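So this one's run-v4.txt, compact mmCIF, C-alpha atoms:
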# COMPACT_ATOMS: atom_id res chain seq x y z
CA MET E 599 0.00 0.00 0.00
CA LEU E 600 2.81 2.38 0.88
CA GLU E 601 4.52 1.47 -2.37
CA ARG E 602 1.43 2.42 -4.33
CA LEU E 603 0.99 5.66 -2.41
CA ALA E 604 4.65 6.48 -3.10
CA GLU E 605 4.26 5.70 -6.78
CA TRP E 606 1.12 7.82 -7.02
CA LEU E 607 2.82 10.73 -5.24
CA ALA E 608 5.83 10.45 -7.53
CA LEU E 609 3.53 10.99 -10.53
CA THR E 610 1.98 14.23 -9.24
CA SER E 611 3.04 17.39 -11.01
CA LEU E 612 4.55 18.94 -7.87
CA SER E 613 6.68 15.85 -7.39
CA ALA E 614 7.73 16.00 -11.04
CA LEU E 615 8.67 19.66 -10.60
CA ILE E 616 10.83 18.90 -7.55
CA GLN E 617 12.41 15.91 -9.25
CA THR E 618 13.26 17.91 -12.38
CA HIS E 619 15.19 20.44 -10.33
CA ASN E 620 16.31 17.99 -7.66
CA ALA E 621 19.97 19.08 -7.88
CA TRP E 622 19.22 22.21 -5.91
CA VAL E 623 15.57 22.00 -4.78
CA ILE E 624 16.00 19.00 -2.48
CA PRO E 625 19.18 20.26 -0.76
CA THR E 626 17.49 23.65 -0.32
CA ILE E 627 14.35 22.15 1.25
CA GLN E 628 16.51 19.98 3.51
CA SER E 629 18.58 23.02 4.56
CA VAL E 630 15.49 25.07 5.41
CA HIS E 631 14.20 22.03 7.30
CA ILE E 632 17.42 21.94 9.38
CA VAL E 633 17.22 25.69 10.08
CA ALA E 634 13.68 25.17 11.43
CA ILE E 635 14.84 22.12 13.44
CA GLY E 636 17.32 24.46 15.13
CA ILE E 637 14.49 26.72 16.27
CA VAL E 638 12.14 23.93 17.42
CA LEU E 639 14.81 21.93 19.21
CA THR E 640 16.23 24.99 20.94
CA ALA E 641 12.77 26.11 22.08
CA VAL E 642 12.09 22.64 23.54
CA VAL E 643 15.54 22.50 25.15
CA MET E 644 15.21 25.98 26.71
CA ILE E 645 11.81 25.11 28.25
CA ASP E 646 13.14 21.76 29.49
CA LEU E 647 16.29 23.38 30.91
CA ARG E 648 14.06 25.81 32.79
CA ILE E 649 11.97 22.95 34.22
CA LEU E 650 15.14 21.12 35.24
CA GLY E 651 16.50 24.31 36.79
CA TRP E 652 19.57 24.48 34.53
CA ALA E 653 18.79 27.75 32.74
CA GLY E 654 16.48 30.75 32.94
CA HIS E 655 16.07 30.81 36.73
CA ASP E 656 14.96 34.44 36.67
CA GLN E 657 11.81 33.64 34.69
CA THR E 658 8.73 31.75 35.79
CA LEU E 659 7.71 28.63 33.94
CA ARG E 660 4.87 30.53 32.31
CA GLU E 661 7.14 33.34 31.18
CA THR E 662 9.49 30.76 29.70
CA THR E 663 6.77 28.96 27.72
CA ASP E 664 5.32 32.30 26.61
CA ARG E 665 8.78 33.31 25.43
CA PHE E 666 9.57 30.18 23.42
CA GLY E 667 6.13 28.70 22.63
CA PRO E 668 5.33 30.88 19.59
CA TRP E 669 8.74 30.19 18.03
CA LEU E 670 8.24 26.47 18.64
CA SER E 671 4.85 26.31 16.93
CA GLY E 672 5.91 28.69 14.13
CA ALA E 673 9.00 26.68 13.25
CA LEU E 674 7.02 23.43 13.60
CA ILE E 675 4.77 24.64 10.77
CA VAL E 676 7.87 25.30 8.61
CA LEU E 677 8.99 21.75 9.43
CA LEU E 678 5.65 20.29 8.40
CA VAL E 679 5.63 22.20 5.09
CA THR E 680 9.26 21.42 4.15
CA GLY E 681 8.78 17.86 5.38
CA ALA E 682 5.68 17.44 3.20
CA LEU E 683 7.61 18.80 0.21
CA MET E 684 10.35 16.25 0.83
CA ILE E 685 7.77 13.44 0.91
CA ILE E 686 6.21 14.67 -2.33
CA GLY E 687 9.62 15.14 -3.96
CA GLU E 688 11.06 11.78 -2.91
CA PRO E 689 8.10 9.64 -1.80
CA ARG E 690 9.91 6.32 -1.84
CA ARG E 691 12.82 7.62 0.21
CA GLU E 692 10.46 8.76 2.98
CA LEU E 693 7.40 6.51 2.93
CA LEU E 694 9.35 3.26 2.64
CA SER E 695 11.70 4.17 5.47
CA PHE E 696 11.46 2.70 8.95
CA SER E 697 13.19 5.75 10.44
CA PHE E 698 10.55 7.99 8.86
CA TRP E 699 7.58 6.22 10.47
CA LEU E 700 9.29 5.93 13.84
CA LYS E 701 10.12 9.63 13.62
CA MET E 702 6.51 10.55 12.74
CA SER E 703 5.21 8.51 15.68
CA LEU E 704 7.56 10.37 18.00
CA VAL E 705 6.56 13.74 16.48
CA ILE E 706 2.92 12.92 17.35
CA VAL E 707 3.85 11.82 20.89
CA GLY E 708 6.06 14.89 21.39
CA THR E 709 3.38 17.26 20.12
CA ILE E 710 0.69 15.68 22.33
CA ILE E 711 2.94 15.99 25.40
CA ALA E 712 3.65 19.65 24.54
CA ALA E 713 -0.07 20.38 24.07
CA ILE E 714 -1.06 18.71 27.35
CA PHE E 715 1.77 20.52 29.11
CA LYS E 716 0.57 23.85 27.76
CA MET E 717 -3.08 23.16 28.68
CA THR E 718 -2.37 22.00 32.22
CA LEU E 719 0.38 24.51 32.98
CA LYS E 720 -2.01 27.02 34.53
CA SER E 721 -3.42 24.68 37.16
CA ASN E 722 -0.15 22.87 37.84
CA GLU E 723 2.11 25.90 37.89
CA PRO E 724 2.19 26.46 41.67
CA ARG E 725 3.12 22.82 42.26
CA TRP E 726 5.66 22.62 39.41
CA GLU E 727 7.40 25.79 40.57
CA GLN E 728 7.91 24.47 44.12
CA LYS E 729 11.45 23.39 44.82
CA GLY E 730 11.79 19.64 45.36
CA LYS E 731 8.15 18.90 44.62
CA ALA E 732 8.33 18.97 40.85
CA ARG E 733 9.90 15.57 40.38
CA SER E 734 7.31 14.19 37.96
CA VAL E 735 7.46 17.19 35.66
CA LYS E 736 11.26 16.96 35.67
CA TRP E 737 11.05 13.38 34.43
CA LEU E 738 8.63 14.59 31.79
CA ALA E 739 11.19 17.21 30.73
CA ILE E 740 13.90 14.57 30.37
CA LEU E 741 11.51 12.33 28.43
CA THR E 742 10.53 15.11 26.00
CA LEU E 743 14.20 15.99 25.56
CA LEU E 744 14.96 12.39 24.60
CA ILE E 745 11.96 12.29 22.27
CA TRP E 746 13.01 15.42 20.36
CA ILE E 747 16.65 14.32 20.16
CA SER E 748 15.45 10.99 18.74
CA ILE E 749 13.29 12.85 16.22
CA VAL E 750 16.30 14.80 14.94
CA VAL E 751 18.52 11.71 14.83
CA LEU E 752 15.88 9.57 13.08
CA GLY E 753 15.35 12.34 10.54
CA ARG E 754 18.96 12.07 9.43
CA LEU E 755 18.81 8.27 9.53
CA ILE E 756 16.09 8.32 6.84
CA ALA E 757 19.00 8.66 4.41
CA TYR E 758 20.45 5.39 5.74
CA ASP E 759 17.43 3.18 6.16
CA HIS E 760 19.42 0.04 5.28
CA ILE E 761 20.91 0.15 8.80
CA TRP E 762 17.57 -1.24 10.05
CA GLY E 763 18.08 -4.36 7.97
CA SER E 764 14.85 -6.30 7.57
CA TRP E 765 12.91 -3.63 9.52
CA SER E 766 13.27 -1.25 6.60
CA PHE E 767 10.23 -1.22 4.31
CA GLY E 768 12.31 -0.40 1.27
CA PRO E 769 14.50 -2.56 -0.92
CA ILE E 770 17.88 -3.03 0.73
CA ALA E 771 19.99 -0.30 -0.82
CA MET M 428 54.73 16.09 5.20
CA ASP M 429 52.58 17.75 2.55
CA THR M 430 48.82 18.16 2.65
CA ALA M 431 48.09 15.16 0.49
CA ALA M 432 50.15 12.94 2.78
CA VAL M 433 48.38 14.26 5.88
CA LEU M 434 44.98 13.68 4.30
CA GLU M 435 46.01 10.17 3.27
CA TRP M 436 47.33 9.48 6.76
CA LEU M 437 44.04 10.66 8.33
CA LYS M 438 41.99 8.61 5.94
CA SER M 439 43.97 5.42 6.51
CA SER M 440 44.06 5.82 10.31
CA HIS M 441 42.51 3.12 12.48
CA LEU M 442 39.79 5.52 13.59
CA ALA M 443 38.78 6.48 10.05
CA THR M 444 38.87 2.87 8.87
CA GLY M 445 36.77 1.80 11.84
CA ILE M 446 34.10 4.39 11.09
CA ARG M 447 34.08 3.55 7.38
CA ASP M 448 33.74 -0.16 8.06
CA SER M 449 30.84 0.28 10.45
CA LEU M 450 27.28 0.19 9.21
CA TYR M 451 26.06 2.52 11.96
CA LEU M 452 28.85 4.90 12.91
CA PHE M 453 28.83 7.34 10.01
CA PRO M 454 25.02 7.73 9.99
CA LEU M 455 25.03 8.24 13.76
CA LEU M 456 27.88 10.77 13.57
CA GLU M 457 25.92 12.67 10.97
CA ALA M 458 22.72 12.52 13.01
CA PHE M 459 24.39 13.88 16.15
CA HIS M 460 26.16 16.48 14.02
CA VAL M 461 22.71 17.76 13.02
CA PHE M 462 21.54 17.63 16.64
CA GLY M 463 24.57 19.65 17.80
CA LEU M 464 24.40 22.23 15.04
CA ALA M 465 20.66 22.66 15.54
CA LEU M 466 21.33 23.69 19.14
CA VAL M 467 24.30 25.91 18.24
CA PHE M 468 22.21 27.63 15.59
CA GLY M 469 19.01 27.93 17.61
CA MET M 470 20.75 29.32 20.67
CA THR M 471 22.74 31.75 18.54
CA VAL M 472 19.42 32.94 17.14
CA ILE M 473 18.18 33.63 20.69
CA LEU M 474 21.13 35.97 21.29
CA ASP M 475 21.04 37.56 17.82
CA PHE M 476 17.30 38.25 18.11
CA ARG M 477 17.87 39.78 21.54
CA LEU M 478 20.56 42.09 20.11
CA LEU M 479 18.21 43.09 17.28
CA GLY M 480 15.30 43.71 19.65
CA ILE M 481 13.17 40.95 18.09
CA ALA M 482 12.84 38.67 21.14
CA SER M 483 13.62 38.43 24.87
CA VAL M 484 13.60 42.24 24.87
CA ARG M 485 12.70 42.58 28.54
CA ARG M 486 15.62 40.47 29.71
CA PRO M 487 19.06 42.01 30.20
CA VAL M 488 21.49 40.92 27.46
CA THR M 489 23.94 39.53 30.03
CA GLN M 490 21.14 37.36 31.44
CA VAL M 491 20.27 36.00 28.00
CA MET M 492 23.95 35.25 27.39
CA SER M 493 24.66 33.58 30.72
CA ASP M 494 21.70 31.25 30.13
CA ILE M 495 22.89 29.96 26.77
CA MET M 496 26.65 30.35 26.38
CA LYS M 497 27.69 27.16 28.15
CA TRP M 498 25.12 25.15 26.20
CA ILE M 499 26.27 26.72 22.92
CA TRP M 500 29.85 25.68 23.65
CA LEU M 501 28.84 22.15 24.68
CA ALA M 502 26.77 21.77 21.52
CA PHE M 503 29.57 23.28 19.43
CA MET M 504 32.03 20.75 20.82
CA LEU M 505 29.69 17.89 19.92
CA THR M 506 29.25 19.31 16.42
CA ALA M 507 33.00 19.85 15.93
CA ILE M 508 33.96 16.38 17.18
CA THR M 509 31.37 14.60 15.04
CA GLY M 510 32.39 16.82 12.11
CA ILE M 511 36.09 15.98 12.47
CA LEU M 512 35.29 12.27 12.71
CA MET M 513 33.22 12.45 9.52
CA PHE M 514 35.99 14.44 7.83
CA ILE M 515 38.73 11.89 8.45
CA THR M 516 36.73 9.03 6.90
CA ASN M 517 37.10 10.70 3.52
CA ALA M 518 39.61 13.46 4.19
CA ASP M 519 40.88 14.11 0.66
CA VAL M 520 37.40 14.29 -0.87
CA TYR M 521 36.12 16.73 1.75
CA TYR M 522 39.31 18.76 1.63
CA HIS M 523 38.88 19.37 -2.10
CA ASN M 524 35.15 19.94 -1.90
CA PHE M 525 34.10 23.51 -2.72
CA PHE M 526 31.26 23.57 -0.18
CA PHE M 527 33.40 22.12 2.58
CA ARG M 528 36.01 24.82 2.01
CA THR M 529 33.40 27.56 1.89
CA LYS M 530 31.84 26.25 5.09
CA MET M 531 35.20 26.30 6.90
CA VAL M 532 35.85 29.88 5.76
CA LEU M 533 32.38 30.95 6.93
CA LEU M 534 32.91 29.21 10.30
CA ALA M 535 36.14 31.17 10.72
CA LEU M 536 34.31 34.38 9.79
CA ALA M 537 31.61 33.59 12.37
CA GLY M 538 34.39 33.30 14.94
CA VAL M 539 35.94 36.61 13.86
CA ASN M 540 32.49 38.21 13.99
CA MET M 541 32.06 36.99 17.56
CA VAL M 542 35.48 38.37 18.59
CA ILE M 543 34.71 41.74 16.99
CA PHE M 544 31.41 41.85 18.90
CA GLU M 545 33.23 41.11 22.17
CA LEU M 546 35.72 43.91 21.45
CA THR M 547 33.09 46.50 20.49
CA SER M 548 29.52 46.45 21.87
CA GLY M 549 30.25 43.43 24.05
CA ARG M 550 32.90 45.29 26.01
CA VAL M 551 30.51 48.01 27.11
CA VAL M 552 27.48 45.75 27.49
CA HIS M 553 26.69 47.22 30.92
CA ARG M 554 25.86 50.53 29.20
CA TRP M 555 23.07 49.09 27.02
CA ASN M 556 22.32 45.86 28.87
CA LYS M 557 18.67 46.73 29.42
CA ASP M 558 18.05 48.63 26.16
CA ALA M 559 15.67 47.01 23.70
CA THR M 560 18.36 46.79 21.01
CA ALA M 561 22.16 46.68 20.91
CA PRO M 562 24.20 49.61 19.57
CA LEU M 563 25.02 49.54 15.85
CA PRO M 564 28.12 47.29 16.06
CA GLY M 565 26.12 44.77 18.08
CA LYS M 566 23.21 44.83 15.65
CA THR M 567 25.59 44.45 12.72
CA ALA M 568 27.24 41.47 14.41
CA ALA M 569 23.81 39.89 15.00
CA ILE M 570 22.77 40.22 11.35
CA LEU M 571 26.13 38.89 10.14
CA SER M 572 25.89 36.01 12.59
CA LEU M 573 22.43 35.02 11.33
CA LEU M 574 23.51 35.20 7.68
CA LEU M 575 26.71 33.27 8.34
CA TRP M 576 25.11 30.46 10.33
CA ILE M 577 22.24 29.97 7.89
CA THR M 578 24.74 29.81 5.01
CA ILE M 579 26.90 27.39 7.01
CA ILE M 580 23.89 25.07 7.36
CA PHE M 581 23.21 25.24 3.61
CA MET M 582 26.89 24.59 2.79
CA GLY M 583 26.91 21.62 5.16
CA ARG M 584 23.94 20.05 3.45
CA TRP M 585 25.52 20.64 0.04
CA ILE M 586 28.68 18.81 1.11
CA GLY M 587 26.56 15.69 1.51
CA PHE M 588 25.17 16.05 -1.99
CA THR M 589 28.52 16.67 -3.70
CA THR M 590 30.73 14.00 -2.14
CA THR M 591 30.78 10.24 -2.44
CA LYS M 592 32.93 7.72 -0.71
CA SER M 593 34.84 6.74 -3.81
CA GLN M 594 35.23 9.99 -5.67
CA VAL M 595 38.28 12.20 -5.56
CA PRO M 596 38.27 15.24 -7.82
CA GLN M 597 40.82 15.08 -10.63
CA ALA M 598 41.92 18.64 -10.06
CA PRO M 599 41.52 20.63 -6.87
CA ASP M 600 40.10 23.56 -8.86
CA VAL M 601 36.41 24.21 -8.77
CA ASN M 602 34.37 23.57 -11.87
CA PHE M 603 31.32 25.73 -11.29
CA ASP M 604 29.27 23.93 -13.93
CA GLU M 605 29.46 20.75 -11.92
CA LEU M 606 28.58 22.27 -8.55
CA PHE M 607 24.86 22.03 -9.03
CA THR M 608 24.78 18.63 -10.65
CA PRO M 609 24.80 15.66 -8.33
CA PRO M 610 27.70 13.27 -8.81
CA ALA M 611 27.07 10.59 -11.37
CA SER M 612 28.02 7.65 -9.22
CA ASN M 613 26.10 7.12 -6.03
CA GLU M 614 27.72 3.99 -4.74
CA GLY M 615 28.95 4.25 -1.20
CA GLY M 616 27.49 6.38 1.49
CA ALA M 617 26.86 9.78 0.00
CA PRO M 618 24.98 11.26 2.95
CA LYS M 619 21.88 12.61 1.31
Just give me the structure of the file as structure tokens.
Amino acid sequence: MLERLAEWLALTSLSALIQTHNAWVIPTIQSVHIVAIGIVLTAVVMIDLRILGWAGHDQTLRETTDRFGPWLSGALIVLLVTGALMIIGEPRRELLSFSFWLKMSLVIVGTIIAAIFKMTLKSNEPRWEQKGKARSVKWLAILTLLIWISIVVLGRLIAYDHIWGSWSFGPIA
Amino acid sequence: MDTAAVLEWLKSSHLATGIRDSLYLFPLLEAFHVFGLALVFGMTVILDFRLLGIASVRRPVTQVMSDIMKWIWLAFMLTAITGILMFITNADVYYHNFFFRTKMVLLALAGVNMVIFELTSGRVVHRWNKDATAPLPGKTAAILSLLLWITIIFMGRWIGFTTTKSQVPQAPDVNFDELFTPPASNEGGAPK
């Protein structure tokens, strides 16, 4: 099914356009994607460092999320757009890759955690800000950090899907 | 020892051979290179935007800097180490690559830009610490920094598209016609 979806995508006119100019279009999209990764990852890291008490002590948790939240969601949109263009431009490379699907699953988990965090911040803030009582939210910060690091790493590993051996959906390159 | 001999020595070292022979090491080095550079870039943006008055405006500049500088340096070390390890696996090819050379020059310029900032606006930071924007030298440094780092990211990605494991350029000169055409042979681990 994925094969057929990839083949159909590869025949669309946008895909044809990207493929025709692939010598510079694909590296450009990938570069913009990495620039946006820098923003998203840094925003996540800065919020997590604040939760862990390793940076930004002078700001409350709310101030920190207000400061970095808009950059996080803005750059995430750039990531979705450039990511979609990469799928359309090289459907087989992405859709038949194990790293890609693992990465997408983690993106969904990471986004859900961020959304729940944002929604419950108001009621939990007094507890999370208390010294020594915020253990659970600190574990959550470490977990989200690991999730977003894995997302970045898996993104690059899409180019090397053969390392997964038989787990890869594609032909062994 | 001339350059070619040094490059050959690096490439044939145990470390380089070990990385080349491993299925996982080069991809993982590249992945953590991206992770490190993403943090270096993103945190640099925080400071540059503060200097330009785009973000974090209500925080003193020294506060913004003290929050991020140690993380920038940690991330930079990770990026540099993974970069050097990737370089030695194919030293002669990278050394002759136009985009690799441009990237190294731009990295050096980013360093010079940082030193100039420290010697100008940075030296008198206490005078404008709480202002919404930095004085002109500081703003100039911020704009240059953004342009340099974004270009460095682009150059880095282009290195992956213009090098293969088995290809050494015939002449070290740059043929501009070939820069925007992907290499014909794709065998080996061209990191695309």
Check your understanding: If we count only C-alpha atoms, which residues of chain E reach to within 10 Å of chain M? Please list them as number ranges by chain.
Key -> E: 619-622, 624-630, 632-641, 643-644, 647-648, 652-657, 662, 665-666, 669, 746-762, 771
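The spacing separating atom CA of Phe767 of chain E from atom CA of Lys701 of chain E amounts to 14.3 Å.
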Review point. What separation in Å, quoted to one decimal, exists between atom CA of Lys557 of chain M and atom CA of Met541 of chain M?
Key: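 Result for atom CA of Lys557 of chain M versus atom CA of Met541 of chain M: 20.4 Å, one decimal.
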Check your understanding: Suppose you want the space between atom CA of Ser766 of chain E and atom CA of Leu700 of chain E; what is it in Å?
Key ->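 Result for atom CA of Ser766 of chain E versus atom CA of Leu700 of chain E: 10.9 Å, one decimal.
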Which centre and edge lengths in Å to one decimal define the box along x, y and z that fits every listed atom of segment 753-768 of chain E plus 4 Å per side, as JSON?
{"center_x": 15.6, "center_y": 3.0, "center_z": 5.9, "size_x": 18.7, "size_y": 26.6, "size_z": 17.3}
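Residues surrounding His553 of chain M within 12 Å are Pro487, Val488, Thr489, Gln490, Ser548, Gly549, Arg550, Val551, Trp555, Asn556, Lys557, Asp558, Ala561 and Pro562 of chain M [only C-alpha atoms; sequence separation below 2 positions excluded].
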Practice item. Please identify all polymer residues within 8 Å of Leu575 of chain M, counting only C-alpha atoms, omitting same-chain residues fewer than 3 positions from it, and present them as a VMD selection string. Key: chain M and resid 533 to 534 536 to 537 571 to 572 578 to 579
C-alpha atoms of the current selection, written as a tab-separated table (two decimals), in the coordinates of the input:
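Writing the result to result-v8.tsv gives the following:
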chain	number	residue	atom	x	y	z
M	533	LEU	CA	32.38	30.95	6.93
M	534	LEU	CA	32.91	29.21	10.30
M	536	LEU	CA	34.31	34.38	9.79
M	537	ALA	CA	31.61	33.59	12.37
M	571	LEU	CA	26.13	38.89	10.14
M	572	SER	CA	25.89	36.01	12.59
M	578	THR	CA	24.74	29.81	5.01
M	579	ILE	CA	26.90	27.39	7.01
Shell of 7 Å around segment 678-681 of chain E, all atoms listed in the file, local chain residues under 4 positions omitted, as a compact mmCIF listing (two decimals) with C-alpha atoms, in the frame of the given file:
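Now in result-v9.txt:
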# COMPACT_ATOMS: atom_id res chain seq x y z
CA ILE E 627 14.35 22.15 1.25
CA HIS E 631 14.20 22.03 7.30
CA LEU E 674 7.02 23.43 13.60
CA ILE E 685 7.77 13.44 0.91
Exercise for review: Do a neighbour search on Met599 of chain E at 12 Å with only C-alpha atoms, toss out local chain neighbours closer than 6 positions, and write the hits as a VMD selection string.
Suggested key: chain E and resid 605 to 606 690 693 to 694 767
Will you model N, CA and C atoms for segment 509-526 of chain M and pass it back as a JSON list (two decimals), in the frame of the given file?
[["chain", "number", "residue", "atom", "x", "y", "z"],
["M", 509, "THR", "N", 32.01, 15.47, 16.03],
["M", 509, "THR", "CA", 31.37, 14.60, 15.04],
["M", 509, "THR", "C", 31.79, 15.02, 13.64],
["M", 510, "GLY", "N", 31.97, 16.33, 13.43],
["M", 510, "GLY", "CA", 32.39, 16.82, 12.11],
["M", 510, "GLY", "C", 33.79, 16.34, 11.76],
["M", 511, "ILE", "N", 34.70, 16.42, 12.72],
["M", 511, "ILE", "CA", 36.09, 15.98, 12.47],
["M", 511, "ILE", "C", 36.10, 14.48, 12.17],
["M", 512, "LEU", "N", 35.31, 13.72, 12.93],
["M", 512, "LEU", "CA", 35.29, 12.27, 12.71],
["M", 512, "LEU", "C", 34.73, 11.93, 11.32],
["M", 513, "MET", "N", 33.72, 12.69, 10.87],
["M", 513, "MET", "CA", 33.22, 12.45, 9.52],
["M", 513, "MET", "C", 34.28, 12.84, 8.49],
["M", 514, "PHE", "N", 34.98, 13.94, 8.76],
["M", 514, "PHE", "CA", 35.99, 14.44, 7.83],
["M", 514, "PHE", "C", 37.08, 13.39, 7.56],
["M", 515, "ILE", "N", 37.58, 12.78, 8.64],
["M", 515, "ILE", "CA", 38.73, 11.89, 8.45],
["M", 515, "ILE", "C", 38.37, 10.63, 7.66],
["M", 516, "THR", "N", 37.07, 10.24, 7.65],
["M", 516, "THR", "CA", 36.73, 9.03, 6.90],
["M", 516, "THR", "C", 36.96, 9.20, 5.41],
["M", 517, "ASN", "N", 36.99, 10.44, 4.96],
["M", 517, "ASN", "CA", 37.10, 10.70, 3.52],
["M", 517, "ASN", "C", 37.84, 12.02, 3.32],
["M", 518, "ALA", "N", 38.96, 12.15, 4.03],
["M", 518, "ALA", "CA", 39.61, 13.46, 4.19],
["M", 518, "ALA", "C", 39.91, 14.16, 2.87],
["M", 519, "ASP", "N", 40.48, 13.43, 1.89],
["M", 519, "ASP", "CA", 40.88, 14.11, 0.66],
["M", 519, "ASP", "C", 39.68, 14.63, -0.12],
["M", 520, "VAL", "N", 38.59, 13.85, -0.13],
["M", 520, "VAL", "CA", 37.40, 14.29, -0.87],
["M", 520, "VAL", "C", 36.82, 15.55, -0.24],
["M", 521, "TYR", "N", 36.67, 15.54, 1.09],
["M", 521, "TYR", "CA", 36.12, 16.73, 1.75],
["M", 521, "TYR", "C", 37.05, 17.93, 1.57],
["M", 522, "TYR", "N", 38.34, 17.67, 1.71],
["M", 522, "TYR", "CA", 39.31, 18.76, 1.63],
["M", 522, "TYR", "C", 39.22, 19.49, 0.29],
["M", 523, "HIS", "N", 38.95, 18.75, -0.78],
["M", 523, "HIS", "CA", 38.88, 19.37, -2.10],
["M", 523, "HIS", "C", 37.49, 19.85, -2.45],
["M", 524, "ASN", "N", 36.53, 19.58, -1.59],
["M", 524, "ASN", "CA", 35.15, 19.94, -1.90],
["M", 524, "ASN", "C", 34.92, 21.45, -1.73],
["M", 525, "PHE", "N", 34.33, 22.06, -2.74],
["M", 525, "PHE", "CA", 34.10, 23.51, -2.72],
["M", 525, "PHE", "C", 33.23, 23.94, -1.52],
["M", 526, "PHE", "N", 32.18, 23.17, -1.25],
["M", 526, "PHE", "CA", 31.26, 23.57, -0.18],
["M", 526, "PHE", "C", 31.88, 23.37, 1.19]]
